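Raw coords09.csv, CSV, C-alpha atoms:
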chain,number,residue,atom,x,y,z
A,1,MET,CA,0.0,0.0,0.0
A,2,SER,CA,1.3,3.4,-0.9
A,3,SER,CA,1.9,6.3,1.6
A,4,LEU,CA,-1.2,8.0,0.3
A,5,GLY,CA,-3.3,4.9,0.8
A,6,ARG,CA,-2.1,4.5,4.4
A,7,ILE,CA,-3.0,8.1,5.0
A,8,GLY,CA,-6.4,7.5,3.5
A,9,ALA,CA,-7.0,4.5,5.7
A,10,ILE,CA,-6.2,6.6,8.8
A,11,VAL,CA,-8.6,9.4,7.6
A,12,ASP,CA,-11.3,6.8,7.1
A,13,LYS,CA,-10.8,5.4,10.6
A,14,GLU,CA,-11.0,8.9,12.2
A,15,VAL,CA,-14.1,9.8,10.3
A,16,ARG,CA,-15.8,6.5,11.3
A,17,GLN,CA,-14.7,7.0,14.9
A,18,LEU,CA,-16.0,10.6,14.9
A,19,SER,CA,-19.3,9.6,13.5
A,20,ARG,CA,-19.8,7.1,16.3
A,21,ASP,CA,-18.9,9.7,18.9
A,22,ARG,CA,-22.3,11.3,19.3
A,23,ILE,CA,-21.2,13.8,21.9
A,24,THR,CA,-18.2,15.1,20.0
A,25,PHE,CA,-20.3,15.2,16.7
A,26,GLY,CA,-23.0,17.1,18.5
A,27,MET,CA,-20.4,19.7,19.7
A,28,VAL,CA,-19.2,20.1,16.2
A,29,VAL,CA,-22.7,21.2,15.2
A,30,MET,CA,-23.9,23.0,18.4
A,31,VAL,CA,-20.9,25.1,19.3
A,32,PRO,CA,-20.9,27.3,16.1
A,33,LEU,CA,-24.7,27.5,16.2
A,34,LEU,CA,-24.7,28.5,19.9
A,35,TYR,CA,-22.0,31.1,19.4
A,36,LEU,CA,-23.7,32.6,16.3
A,37,LEU,CA,-27.0,33.0,18.2
A,38,LEU,CA,-25.3,34.4,21.3
A,39,PHE,CA,-23.2,37.0,19.6
A,40,GLY,CA,-25.7,37.8,16.9
A,41,TYR,CA,-28.9,37.9,18.9
A,42,ALA,CA,-28.5,37.8,22.6
A,43,ILE,CA,-25.5,40.0,23.2
A,44,ASN,CA,-26.4,43.7,23.1
A,45,PRO,CA,-24.0,46.4,24.4
A,46,MET,CA,-26.7,49.0,24.0
A,47,VAL,CA,-28.5,49.1,27.4
A,48,ARG,CA,-32.2,49.4,27.1
A,49,GLY,CA,-35.2,48.6,29.2
A,50,LEU,CA,-33.6,49.0,32.7
A,51,PRO,CA,-36.2,48.4,35.4
A,52,VAL,CA,-36.6,51.6,37.4
A,53,GLY,CA,-39.1,53.1,39.9
A,54,ILE,CA,-40.6,56.5,40.3
A,55,VAL,CA,-40.9,58.4,43.6
A,56,ASP,CA,-43.4,61.2,42.9
A,57,LEU,CA,-43.5,63.6,45.9
A,58,SER,CA,-45.2,66.4,44.0
A,59,GLY,CA,-48.3,64.6,42.6
A,60,SER,CA,-48.4,67.2,39.8
A,61,ALA,CA,-49.2,66.9,36.1
A,62,ALA,CA,-45.6,67.9,35.3
A,63,ALA,CA,-44.4,64.9,37.2
A,64,ARG,CA,-46.5,62.5,35.1
A,65,VAL,CA,-45.3,64.2,31.9
A,66,ILE,CA,-41.7,63.9,33.0
A,67,ALA,CA,-42.1,60.2,33.9
A,68,GLU,CA,-43.7,59.5,30.5
A,69,GLN,CA,-40.9,61.3,28.6
A,70,VAL,CA,-38.3,59.3,30.6
A,71,ARG,CA,-40.0,56.1,29.7
A,72,VAL,CA,-40.2,56.8,26.0
A,73,THR,CA,-36.4,57.1,25.8
A,74,GLN,CA,-36.5,53.3,26.0
A,75,VAL,CA,-33.4,53.4,28.2
A,76,VAL,CA,-35.6,52.6,31.2
A,77,ASP,CA,-38.8,50.7,31.9
A,78,VAL,CA,-40.8,52.0,34.7
A,79,VAL,CA,-41.8,48.9,36.7
A,80,GLY,CA,-43.1,50.5,40.0
A,81,THR,CA,-43.8,53.6,42.1
A,82,TYR,CA,-42.7,54.2,45.6
A,83,ALA,CA,-44.0,56.5,48.3
A,84,THR,CA,-40.6,57.6,49.6
A,85,PRO,CA,-36.9,57.6,48.6
A,86,THR,CA,-36.2,55.2,51.4
A,87,GLU,CA,-38.5,52.6,49.9
A,88,ALA,CA,-36.8,53.1,46.5
A,89,GLU,CA,-33.4,52.6,48.1
A,90,ALA,CA,-34.6,49.3,49.7
A,91,ALA,CA,-35.7,48.2,46.2
A,92,LEU,CA,-32.2,49.0,44.9
A,93,MET,CA,-30.7,46.9,47.7
A,94,THR,CA,-32.7,43.8,46.7
A,95,GLY,CA,-32.0,44.3,43.0
A,96,GLU,CA,-35.8,44.8,42.2
A,97,ILE,CA,-34.9,48.0,40.3
A,98,ARG,CA,-31.7,49.4,38.9
A,99,ALA,CA,-32.6,53.1,39.5
A,100,ALA,CA,-35.3,55.4,40.9
A,101,LEU,CA,-36.3,58.8,39.8
A,102,VAL,CA,-37.2,61.1,42.7
A,103,LEU,CA,-39.4,64.1,41.8
A,104,PRO,CA,-39.5,66.6,44.7
A,105,HIS,CA,-42.4,68.4,46.3
A,106,ASN,CA,-41.5,71.7,44.7
A,107,LEU,CA,-41.3,70.3,41.2
A,108,THR,CA,-43.5,73.0,39.6
A,109,GLN,CA,-41.3,75.8,41.1
A,110,ARG,CA,-38.1,74.1,39.9
A,111,VAL,CA,-39.5,73.9,36.3
A,112,ALA,CA,-40.4,77.5,36.3
A,113,ALA,CA,-37.0,78.5,37.7
A,114,GLY,CA,-35.1,76.3,35.2
A,115,GLU,CA,-33.5,74.2,37.9
A,116,THR,CA,-32.9,70.5,38.0
A,117,VAL,CA,-36.3,68.8,38.2
A,118,GLY,CA,-35.4,65.6,40.0
A,119,GLN,CA,-32.7,63.1,41.1
A,120,TRP,CA,-31.8,59.6,39.8
A,121,LEU,CA,-30.8,57.1,42.5
A,122,VAL,CA,-28.7,54.6,40.5
A,123,ASP,CA,-27.3,51.2,41.3
A,124,GLY,CA,-23.7,51.8,40.2
A,125,SER,CA,-22.5,48.3,41.0
A,126,ASP,CA,-22.8,47.6,37.2
A,127,THR,CA,-20.8,50.3,35.4
A,128,MET,CA,-22.6,49.8,32.1
A,129,VAL,CA,-25.9,50.3,33.8
A,130,GLY,CA,-24.6,53.4,35.5
A,131,ASN,CA,-23.2,54.9,32.3
A,132,ALA,CA,-26.5,54.3,30.5
A,133,LEU,CA,-28.5,56.1,33.1
A,134,LEU,CA,-26.0,59.0,33.2
A,135,THR,CA,-27.0,59.7,29.6
A,136,LEU,CA,-30.4,60.8,30.9
A,137,ARG,CA,-28.9,63.5,33.1
A,138,SER,CA,-29.2,66.2,30.4
A,139,MET,CA,-32.1,64.9,28.4
A,140,PRO,CA,-34.4,67.7,27.0
A,141,LEU,CA,-38.0,67.8,28.3
A,142,ARG,CA,-41.1,69.1,26.7
A,143,LEU,CA,-43.4,70.2,29.5
A,144,ASP,CA,-45.8,72.4,27.4
A,145,ALA,CA,-48.2,71.0,24.8
A,146,GLY,CA,-47.5,74.0,22.6
A,147,ALA,CA,-43.8,74.3,23.3
A,148,PRO,CA,-41.2,73.0,20.8
A,149,PRO,CA,-39.0,70.0,21.9
A,150,GLY,CA,-36.3,71.0,24.3
A,151,ALA,CA,-38.4,74.0,25.5
A,152,TYR,CA,-37.3,73.2,29.1
A,153,GLN,CA,-33.5,72.9,29.3
A,154,PRO,CA,-31.7,74.0,32.5
A,155,ALA,CA,-28.3,75.6,32.3
A,156,GLU,CA,-26.5,72.5,33.8
A,157,ALA,CA,-28.6,69.4,33.9
A,158,THR,CA,-32.1,68.2,33.8
A,159,PHE,CA,-31.6,65.6,36.6
A,160,GLU,CA,-29.1,65.1,39.4
A,161,VAL,CA,-27.6,61.6,39.5
A,162,ALA,CA,-26.5,59.8,42.7
A,163,LEU,CA,-24.5,56.6,42.0
A,164,PHE,CA,-24.8,54.1,44.9
A,165,PHE,CA,-22.3,51.4,45.7
A,166,ASN,CA,-19.7,52.6,43.1
A,167,PRO,CA,-19.8,56.4,42.9
A,168,GLU,CA,-16.3,56.5,41.2
A,169,ARG,CA,-17.5,54.1,38.5
A,170,ARG,CA,-14.4,52.0,38.8
A,171,SER,CA,-14.6,48.9,36.5
A,172,GLU,CA,-12.7,46.7,38.9
A,173,VAL,CA,-15.5,47.1,41.5
A,174,ASN,CA,-17.8,45.4,39.0
A,175,ILE,CA,-15.3,42.9,37.6
A,176,VAL,CA,-13.8,41.4,40.7
A,177,PRO,CA,-17.0,39.9,42.2
A,178,GLY,CA,-18.0,38.8,38.7
A,179,LEU,CA,-14.8,36.9,38.3
A,180,ILE,CA,-15.7,34.7,41.3
A,181,VAL,CA,-18.8,33.5,39.3
A,182,ILE,CA,-16.8,32.7,36.2
A,183,ILE,CA,-13.9,31.0,37.9
A,184,LEU,CA,-16.1,28.9,40.2
A,185,THR,CA,-18.3,27.9,37.3
A,186,MET,CA,-15.2,26.8,35.3
A,187,THR,CA,-13.3,25.0,38.0
A,188,MET,CA,-16.1,23.4,40.0
A,189,THR,CA,-18.0,22.1,36.9
A,190,LEU,CA,-14.7,20.9,35.3
A,191,PHE,CA,-13.4,19.1,38.4
A,192,THR,CA,-16.6,17.0,38.9
A,193,SER,CA,-17.3,16.6,35.2
A,194,ILE,CA,-14.3,14.3,34.9
A,195,ALA,CA,-14.7,12.7,38.3
A,196,LEU,CA,-16.5,9.5,37.3
A,197,VAL,CA,-15.0,9.4,33.9
A,198,ARG,CA,-11.5,9.3,35.5
A,199,GLU,CA,-12.5,6.5,37.8
A,200,ARG,CA,-13.8,4.5,34.8
A,201,GLU,CA,-10.7,5.2,32.7
A,202,ARG,CA,-8.3,4.2,35.5
A,203,GLY,CA,-10.2,1.1,36.4
A,204,ASN,CA,-11.1,2.3,39.8
A,205,LEU,CA,-14.8,1.8,39.1
A,206,GLU,CA,-14.3,-1.9,39.3
A,207,MET,CA,-13.2,-1.6,42.9
A,208,LEU,CA,-16.1,0.7,43.7
A,209,ILE,CA,-18.5,-2.0,42.4
A,210,THR,CA,-17.2,-4.5,45.0
A,211,THR,CA,-18.0,-2.1,47.8
A,212,PRO,CA,-21.4,-1.6,49.5
A,213,ILE,CA,-21.3,2.1,48.7
A,214,ARG,CA,-24.5,3.5,47.3
A,215,PRO,CA,-24.7,5.8,44.3
A,216,LEU,CA,-25.9,8.8,46.4
A,217,GLU,CA,-23.1,8.2,48.9
A,218,LEU,CA,-20.6,8.1,46.1
A,219,MET,CA,-21.9,11.4,44.6
A,220,VAL,CA,-21.8,13.2,48.0
A,221,GLY,CA,-18.3,11.9,48.7
A,222,LYS,CA,-17.1,13.1,45.3
A,223,LEU,CA,-18.5,16.6,45.8
A,224,SER,CA,-17.5,17.3,49.4
A,225,PRO,CA,-13.8,18.0,49.0
A,226,TYR,CA,-14.4,20.5,46.2
A,227,ILE,CA,-16.7,22.6,48.3
A,228,VAL,CA,-13.7,23.5,50.4
A,229,VAL,CA,-11.6,24.1,47.2
A,230,GLY,CA,-14.3,26.5,45.9
A,231,LEU,CA,-14.4,28.5,49.2
A,232,VAL,CA,-10.6,28.8,49.1
A,233,GLN,CA,-10.7,30.1,45.6
A,234,MET,CA,-13.4,32.6,46.6
A,235,GLY,CA,-11.2,33.8,49.5
A,236,ILE,CA,-8.2,34.2,47.2
A,237,ILE,CA,-10.1,36.3,44.6
A,238,LEU,CA,-11.8,38.5,47.1
A,239,GLY,CA,-8.7,38.9,49.3
A,240,LEU,CA,-6.5,39.9,46.4
A,241,GLY,CA,-9.3,42.1,45.0
A,242,TRP,CA,-9.4,44.0,48.3
A,243,LEU,CA,-5.6,44.3,48.6
A,244,ILE,CA,-4.7,45.1,45.1
A,245,PHE,CA,-7.8,46.9,43.7
A,246,ASP,CA,-9.4,48.2,46.9
A,247,VAL,CA,-12.8,46.7,46.1
A,248,PRO,CA,-14.9,47.3,49.2
A,249,PHE,CA,-16.8,44.6,50.9
A,250,GLN,CA,-20.2,45.9,52.1
A,251,GLY,CA,-21.9,42.7,53.3
A,252,THR,CA,-21.4,40.1,56.0
A,253,ALA,CA,-19.1,37.1,55.9
A,254,PHE,CA,-22.0,34.8,56.8
A,255,SER,CA,-24.1,36.0,53.8
A,256,LEU,CA,-21.1,35.6,51.6
A,257,LEU,CA,-20.5,32.1,52.8
A,258,VAL,CA,-24.1,31.0,52.4
A,259,ILE,CA,-24.5,32.2,48.8
A,260,THR,CA,-21.1,30.9,47.7
A,261,THR,CA,-21.8,27.5,49.2
A,262,CYS,CA,-25.1,27.3,47.4
A,263,PHE,CA,-23.5,28.2,44.1
A,264,ILE,CA,-20.6,25.8,44.5
A,265,GLY,CA,-23.2,23.0,45.2
A,266,ALA,CA,-25.1,23.9,42.0
A,267,SER,CA,-21.9,23.9,39.9
A,268,LEU,CA,-20.6,20.7,41.3
A,269,THR,CA,-23.8,18.8,40.8
A,270,LEU,CA,-24.0,20.1,37.2
A,271,GLY,CA,-20.5,18.8,36.6
A,272,LEU,CA,-21.5,15.5,38.2
A,273,LEU,CA,-24.4,15.2,35.7
A,274,ILE,CA,-22.0,15.8,32.9
A,275,SER,CA,-19.7,13.1,34.3
A,276,THR,CA,-22.5,10.6,34.1
A,277,ALA,CA,-23.1,11.4,30.4
A,278,ALA,CA,-19.5,11.6,29.1
A,279,GLU,CA,-17.5,8.6,28.2
A,280,THR,CA,-14.1,10.2,28.1
A,281,GLN,CA,-12.4,13.1,29.9
A,282,MET,CA,-12.2,14.9,26.5
A,283,GLN,CA,-16.0,14.7,26.2
A,284,ALA,CA,-16.4,15.9,29.7
A,285,MET,CA,-14.2,18.9,29.0
A,286,GLN,CA,-16.1,19.7,25.8
A,287,MET,CA,-19.4,19.6,27.6
A,288,THR,CA,-18.0,21.8,30.3
A,289,MET,CA,-17.0,24.4,27.8
A,290,PHE,CA,-20.4,24.2,26.3
A,291,VAL,CA,-21.8,25.3,29.7
A,292,LEU,CA,-19.1,27.8,30.5
A,293,ILE,CA,-19.5,30.1,27.4
A,294,PRO,CA,-23.2,30.8,28.0
A,295,SER,CA,-22.4,31.4,31.7
A,296,ILE,CA,-19.9,34.1,30.7
A,297,LEU,CA,-22.1,35.8,28.1
A,298,LEU,CA,-25.6,35.5,29.6
A,299,SER,CA,-25.0,35.8,33.4
A,300,GLY,CA,-24.6,39.6,33.3
A,301,PHE,CA,-20.8,39.5,33.7
A,302,MET,CA,-19.9,41.1,30.4
A,303,PHE,CA,-23.3,42.5,29.3
A,304,PRO,CA,-26.2,43.7,31.5
A,305,TYR,CA,-28.9,41.1,31.9
A,306,ASP,CA,-31.6,43.8,31.4
A,307,ALA,CA,-30.1,44.7,27.9
A,308,MET,CA,-30.7,41.1,26.6
A,309,PRO,CA,-33.8,40.2,24.6
A,310,LYS,CA,-36.5,38.3,26.5
A,311,ALA,CA,-35.7,35.0,24.9
A,312,ALA,CA,-32.1,35.3,26.1
A,313,GLN,CA,-33.2,36.3,29.5
A,314,TYR,CA,-35.3,33.1,29.8
A,315,ILE,CA,-32.2,31.0,28.9
A,316,SER,CA,-30.0,32.9,31.3
A,317,GLU,CA,-32.5,32.2,34.1
A,318,ALA,CA,-31.7,28.5,33.7
A,319,ILE,CA,-28.0,29.1,34.3
A,320,PRO,CA,-26.8,29.0,37.9
A,321,ALA,CA,-24.2,31.7,37.2
A,322,THR,CA,-26.9,34.3,36.5
A,323,HIS,CA,-28.4,33.8,40.0
A,324,PHE,CA,-25.0,33.9,41.7
A,325,MET,CA,-24.0,37.0,39.8
A,326,ARG,CA,-27.0,38.8,41.4
A,327,LEU,CA,-26.2,37.3,44.8
A,328,ILE,CA,-22.5,38.1,44.9
A,329,ARG,CA,-23.0,41.7,43.7
A,330,GLY,CA,-25.9,42.1,46.1
A,331,VAL,CA,-24.0,40.9,49.1
A,332,TYR,CA,-20.5,42.1,48.2
A,333,LEU,CA,-21.2,45.5,46.7
A,334,ARG,CA,-24.6,46.5,48.0
A,335,GLY,CA,-24.5,44.9,51.5
A,336,SER,CA,-27.8,43.0,50.9
A,337,SER,CA,-28.7,40.3,53.4
A,338,THR,CA,-29.6,36.7,52.5
A,339,ALA,CA,-33.3,37.4,53.4
A,340,GLN,CA,-33.4,40.1,50.7
A,341,LEU,CA,-31.9,37.8,48.1
A,342,LEU,CA,-33.9,34.7,49.1
A,343,PRO,CA,-35.5,33.8,45.7
A,344,ASP,CA,-32.1,33.3,44.0
A,345,ILE,CA,-30.8,31.3,47.0
A,346,ILE,CA,-33.8,29.0,46.8
A,347,TRP,CA,-33.4,28.6,43.1
A,348,LEU,CA,-29.7,27.5,43.5
A,349,LEU,CA,-30.7,25.0,46.3
A,350,GLY,CA,-33.5,23.6,44.1
A,351,PHE,CA,-31.1,23.3,41.2
A,352,THR,CA,-28.6,21.4,43.3
A,353,LEU,CA,-31.1,18.9,44.6
A,354,ILE,CA,-32.5,18.3,41.1
A,355,MET,CA,-29.1,17.8,39.5
A,356,LEU,CA,-27.9,15.6,42.3
A,357,GLY,CA,-31.0,13.4,42.0
A,358,ILE,CA,-30.7,13.1,38.2
A,359,ALA,CA,-27.0,12.3,38.4
A,360,THR,CA,-27.6,9.7,41.1
A,361,LYS,CA,-30.3,8.1,39.0
A,362,ARG,CA,-28.1,8.0,35.9
A,363,PHE,CA,-25.1,6.5,37.7
A,364,ASN,CA,-25.2,2.8,37.2
A,365,LYS,CA,-22.8,1.0,39.5
A,366,THR,CA,-21.8,-1.6,36.9
A,367,LEU,CA,-19.0,-1.8,34.4
A,368,ASP,CA,-21.5,-0.9,31.7
Can I see the file as structure tokens?
Amino acid sequence: MSSLGRIGAIVDKEVRQLSRDRITFGMVVMVPLLYLLLFGYAINPMVRGLPVGIVDLSGSAAARVIAEQVRVTQVVDVVGTYATPTEAEAALMTGEIRAALVLPHNLTQRVAAGETVGQWLVDGSDTMVGNALLTLRSMPLRLDAGAPPGAYQPAEATFEVALFFNPERRSEVNIVPGLIVIILTMTMTLFTSIALVRERERGNLEMLITTPIRPLELMVGKLSPYIVVGLVQMGIILGLGWLIFDVPFQGTAFSLLVITTCFIGASLTLGLLISTAAETQMQAMQMTMFVLIPSILLSGFMFPYDAMPKAAQYISEAIPATHFMRLIRGVYLRGSSTAQLLPDIIWLLGFTLIMLGIATKRFNKTLD
């Protein structure tokens, strides 16, 4: 057989092997499709539709006109009204809204005098959100039906803006807590995704079969050491972020421990489920990357969640990283308590139990 013939035989062998490897073949098709949809449809650097609240202390017609003109900019979406600025600040703490527009008692007099007509209270923990709302500071207003656009335009600004949690708009304040989400997603999912596969490839699964250990006990035993590893990683990232970048910690250590443990559990059980589906460590790593990329792009780490289309938001809600991104920024940057962030905590706990149950059911303690 000639050299070209031998090469052809190897090519034929590889093609046949690839066609029988359903997971790898699926990745060949799904990865380009996923990336195309994410970058072409879901990723939108133009921030629109931010959920905001209105605090109308004047109760005047001018206040209603201003609120409507703010809404039609499409930068914000008015989702609620609050009686006092204190109530609006509490909503900012829980992440219910990203900003609140406070219109004062003397709104009519301010309009007549050409002064600023209100103040934006903005969650500055996400710099892209803060920058988007700052564009409304000098927006023109039309307060008279017969007046031309821009009839009201004060000398300095239409609104005052108060940036909460990151008044200096430092990008590292936003990035450092977000890095915890990405790094824990990658390492925790990867570590456990190859756990059972490695046992099978090394022949250790045969020894496990001869023991009385139950599938659930095996799963819990596999996960437990990595919980400590994840907490150590979290401590390293936040410690260096505080020492090097001076990122302030506003919450409590207990709240931080609770939310991080919940997310580590969710990531580990997701990796464990991958481990029960993959036949080789290479397949496990491919499937992990398939989970990691959407976690980076859809969790709110690179692009604001509120700027995504509704379809992309529905997908992101199924990703544990999205919920932990809200939790870590809420606790670390805004000083929120676990009680204020309970829905996301419950979601992570439920996800962990479901994934652990499915992985346990899929694990067959036999050589097959």
Item checked: Computed interatomic separation between CA of Thr288 in chain A and CA of Phe303 in chain A (Å) ->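 These atoms are spaced 21.4 Å apart.
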Next item on the list: Can you pull out every residue within 7 Å of Met325 in chain A, counting only C-alpha atoms, but drop anything in the same chain fewer than 3 positions away, and send it as a ChimeraX atom specification?
Entry: /A:178,181,299,321-322,328-329
Next, write the just-selected residues to a file, as a JSON list (two decimals), in the frame of the given file, keeping C-alpha atoms as the atom set.
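Written out: selection.json:
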[["chain", "number", "residue", "atom", "x", "y", "z"],
["A", 178, "GLY", "CA", -18.00, 38.80, 38.70],
["A", 181, "VAL", "CA", -18.80, 33.50, 39.30],
["A", 299, "SER", "CA", -25.00, 35.80, 33.40],
["A", 321, "ALA", "CA", -24.20, 31.70, 37.20],
["A", 322, "THR", "CA", -26.90, 34.30, 36.50],
["A", 328, "ILE", "CA", -22.50, 38.10, 44.90],
["A", 329, "ARG", "CA", -23.00, 41.70, 43.70]]
Item checked: From A:Ile236, A:Leu256, A:Leu133, A:Leu37, residue lying nearest Pro309 in chain A [all atoms listed in the file] ->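 Between A:Ile236, A:Leu256, A:Leu133, A:Leu37, the residue approaching Pro309 in chain A most closely is A:Leu37.
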Notebook entry, point to check: Using all atoms listed in the file, which of A:Val197, A:Ala62, A:Ile293, A:Met128 sits nearest Leu141 in chain A?
Noted result: A:Ala62
Margin query: Excluding Ala99 in chain A and its own-chain neighbours fewer than 2 positions away, which residues fall within 7 Å of it when counting only C-alpha atoms? Please give them as a PyMOL selection string.
Written below: chain A and resi 52-53+92+97+101+120-123
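Atom pair CA of Val75 in chain A / CA of Leu327 in chain A has a distance of 24.2 Å (rounded to one decimal).
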With 12 Å as the cut-off and only C-alpha atoms counted, what is the closest atom pair between each nearby residue of range 273-306 of chain A and range 212-234 of chain A? Distances in Å to one decimal, ordered by chain and number, as a tab-separated table.
residue	atom	partner	partner_atom	distance
A:Leu273	CA	A:Met219	CA	10.0
A:Ser275	CA	A:Met219	CA	10.7
A:Thr276	CA	A:Met219	CA	10.5
Keeping C-alpha atoms for every residue in the selection just given, could you write it to a file as a PDB file, keeping the file's coordinate frame?
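And here's out_18.pdb as it stands now:
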ATOM      1  CA  LEU A 273     -24.400  15.200  35.700  1.00  0.00           C
ATOM      2  CA  SER A 275     -19.700  13.100  34.300  1.00  0.00           C
ATOM      3  CA  THR A 276     -22.500  10.600  34.100  1.00  0.00           C
TER       4      THR A 276
END
Check: Leu179 in chain A: which residues within 9 Å, counting only C-alpha atoms, same-chain residues fewer than 4 positions away excluded, as a PyMOL selection string?
Finding: chain A and resi 175+183-184+237+301
Go ahead and save the picked residues with C-alpha atoms, as a compact mmCIF listing (two decimals), in the frame of the given file.
# COMPACT_ATOMS: atom_id res chain seq x y z
CA ILE A 175 -15.30 42.90 37.60
CA ILE A 183 -13.90 31.00 37.90
CA LEU A 184 -16.10 28.90 40.20
CA ILE A 237 -10.10 36.30 44.60
CA PHE A 301 -20.80 39.50 33.70
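A straight line drawn from CA of Arg98 in chain A to CA of Leu50 in chain A is 6.5 Å long.
When all atoms listed in the file are used to compute distances to Ser267 in chain A, the closest of the residues A:Ala88, A:Val47, A:Leu356, A:Leu107 turns out to be A:Leu356.
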Note to self: With 10 Å as the threshold, what does the neighbourhood of (-16.8, 19.2, 28.6) contain in terms of residues, counting only C-alpha atoms? Coordinates are those of the file; answer as a list in words.
What the structure shows: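 Those within range, by chain then number, are Ile23, Thr24, Met27, Thr189, Leu190, Ser193, Ile194, Gly271, Ile274, Ser275, Ala278, Thr280, Gln281, Met282, Gln283, Ala284, Met285, Gln286, Met287, Thr288, Met289, Phe290, Val291 and Leu292 of chain A.
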Next item on the list: Could you check which of A:Phe39, A:Tyr332, A:Trp347, A:Tyr314 is closest to Phe254 in chain A, using all atoms listed in the file?
Entry: A:Tyr332
Next item on the list: Check the smallest atom-to-atom distance from each of A:Leu208, A:Ala312, A:Val173, A:Ala359 to Gly300 in chain A using only C-alpha atoms, then report the winner.
Entry: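 Under the stated criterion, the closest residue is A:Ala312.
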Item checked: Contacts of range 124-126 of chain A at 6 Å (all atoms listed in the file; same-chain gap of 5+ positions) as a VMD selection string -> chain A and resid 163 to 166 174
Margin query: I'd like the neighbourhood of Val70 in chain A as number ranges by chain, where a residue qualifies if any of its atoms comes within 12 Å (using all atoms listed in the file), though same-chain residues fewer than 6 positions away should be ignored.
Written below: A: 49-50, 52-54, 63-64, 76-78, 100-101, 118, 120, 133, 135-142, 158-159
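Ranking A:Ala157, A:Leu243, A:Met93, A:Ile264 by their shortest atom-to-atom distance to Gln340 in chain A, with all atoms listed in the file included, puts A:Met93 first.
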N, CA and C atoms are needed for range 130-141 of chain A; please write them out as a tab-separated table (two decimals), keeping the file's coordinate frame.
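Saved file out-v8.tsv follows:
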chain	number	residue	atom	x	y	z
A	130	GLY	N	-24.82	52.07	35.07
A	130	GLY	CA	-24.60	53.40	35.50
A	130	GLY	C	-24.36	54.41	34.41
A	131	ASN	N	-23.54	54.00	33.44
A	131	ASN	CA	-23.20	54.90	32.30
A	131	ASN	C	-24.47	55.12	31.44
A	132	ALA	N	-25.31	54.10	31.29
A	132	ALA	CA	-26.50	54.30	30.50
A	132	ALA	C	-27.47	55.27	31.13
A	133	LEU	N	-27.61	55.22	32.45
A	133	LEU	CA	-28.50	56.10	33.10
A	133	LEU	C	-27.93	57.55	33.21
A	134	LEU	N	-26.62	57.66	33.18
A	134	LEU	CA	-26.00	59.00	33.20
A	134	LEU	C	-26.35	59.75	31.90
A	135	THR	N	-26.67	59.03	30.82
A	135	THR	CA	-27.00	59.70	29.60
A	135	THR	C	-28.35	60.49	29.70
A	136	LEU	N	-29.15	60.14	30.72
A	136	LEU	CA	-30.40	60.80	30.90
A	136	LEU	C	-30.26	62.12	31.73
A	137	ARG	N	-29.07	62.38	32.22
A	137	ARG	CA	-28.90	63.50	33.10
A	137	ARG	C	-29.26	64.84	32.41
A	138	SER	N	-28.92	64.97	31.15
A	138	SER	CA	-29.20	66.20	30.40
A	138	SER	C	-30.22	66.08	29.34
A	139	MET	N	-31.12	65.13	29.48
A	139	MET	CA	-32.10	64.90	28.40
A	139	MET	C	-33.07	66.13	28.38
A	140	PRO	N	-33.45	66.55	27.17
A	140	PRO	CA	-34.40	67.70	27.00
A	140	PRO	C	-35.81	67.23	27.42
A	141	LEU	N	-36.58	68.13	27.94
A	141	LEU	CA	-38.00	67.80	28.30
A	141	LEU	C	-38.91	68.79	27.59
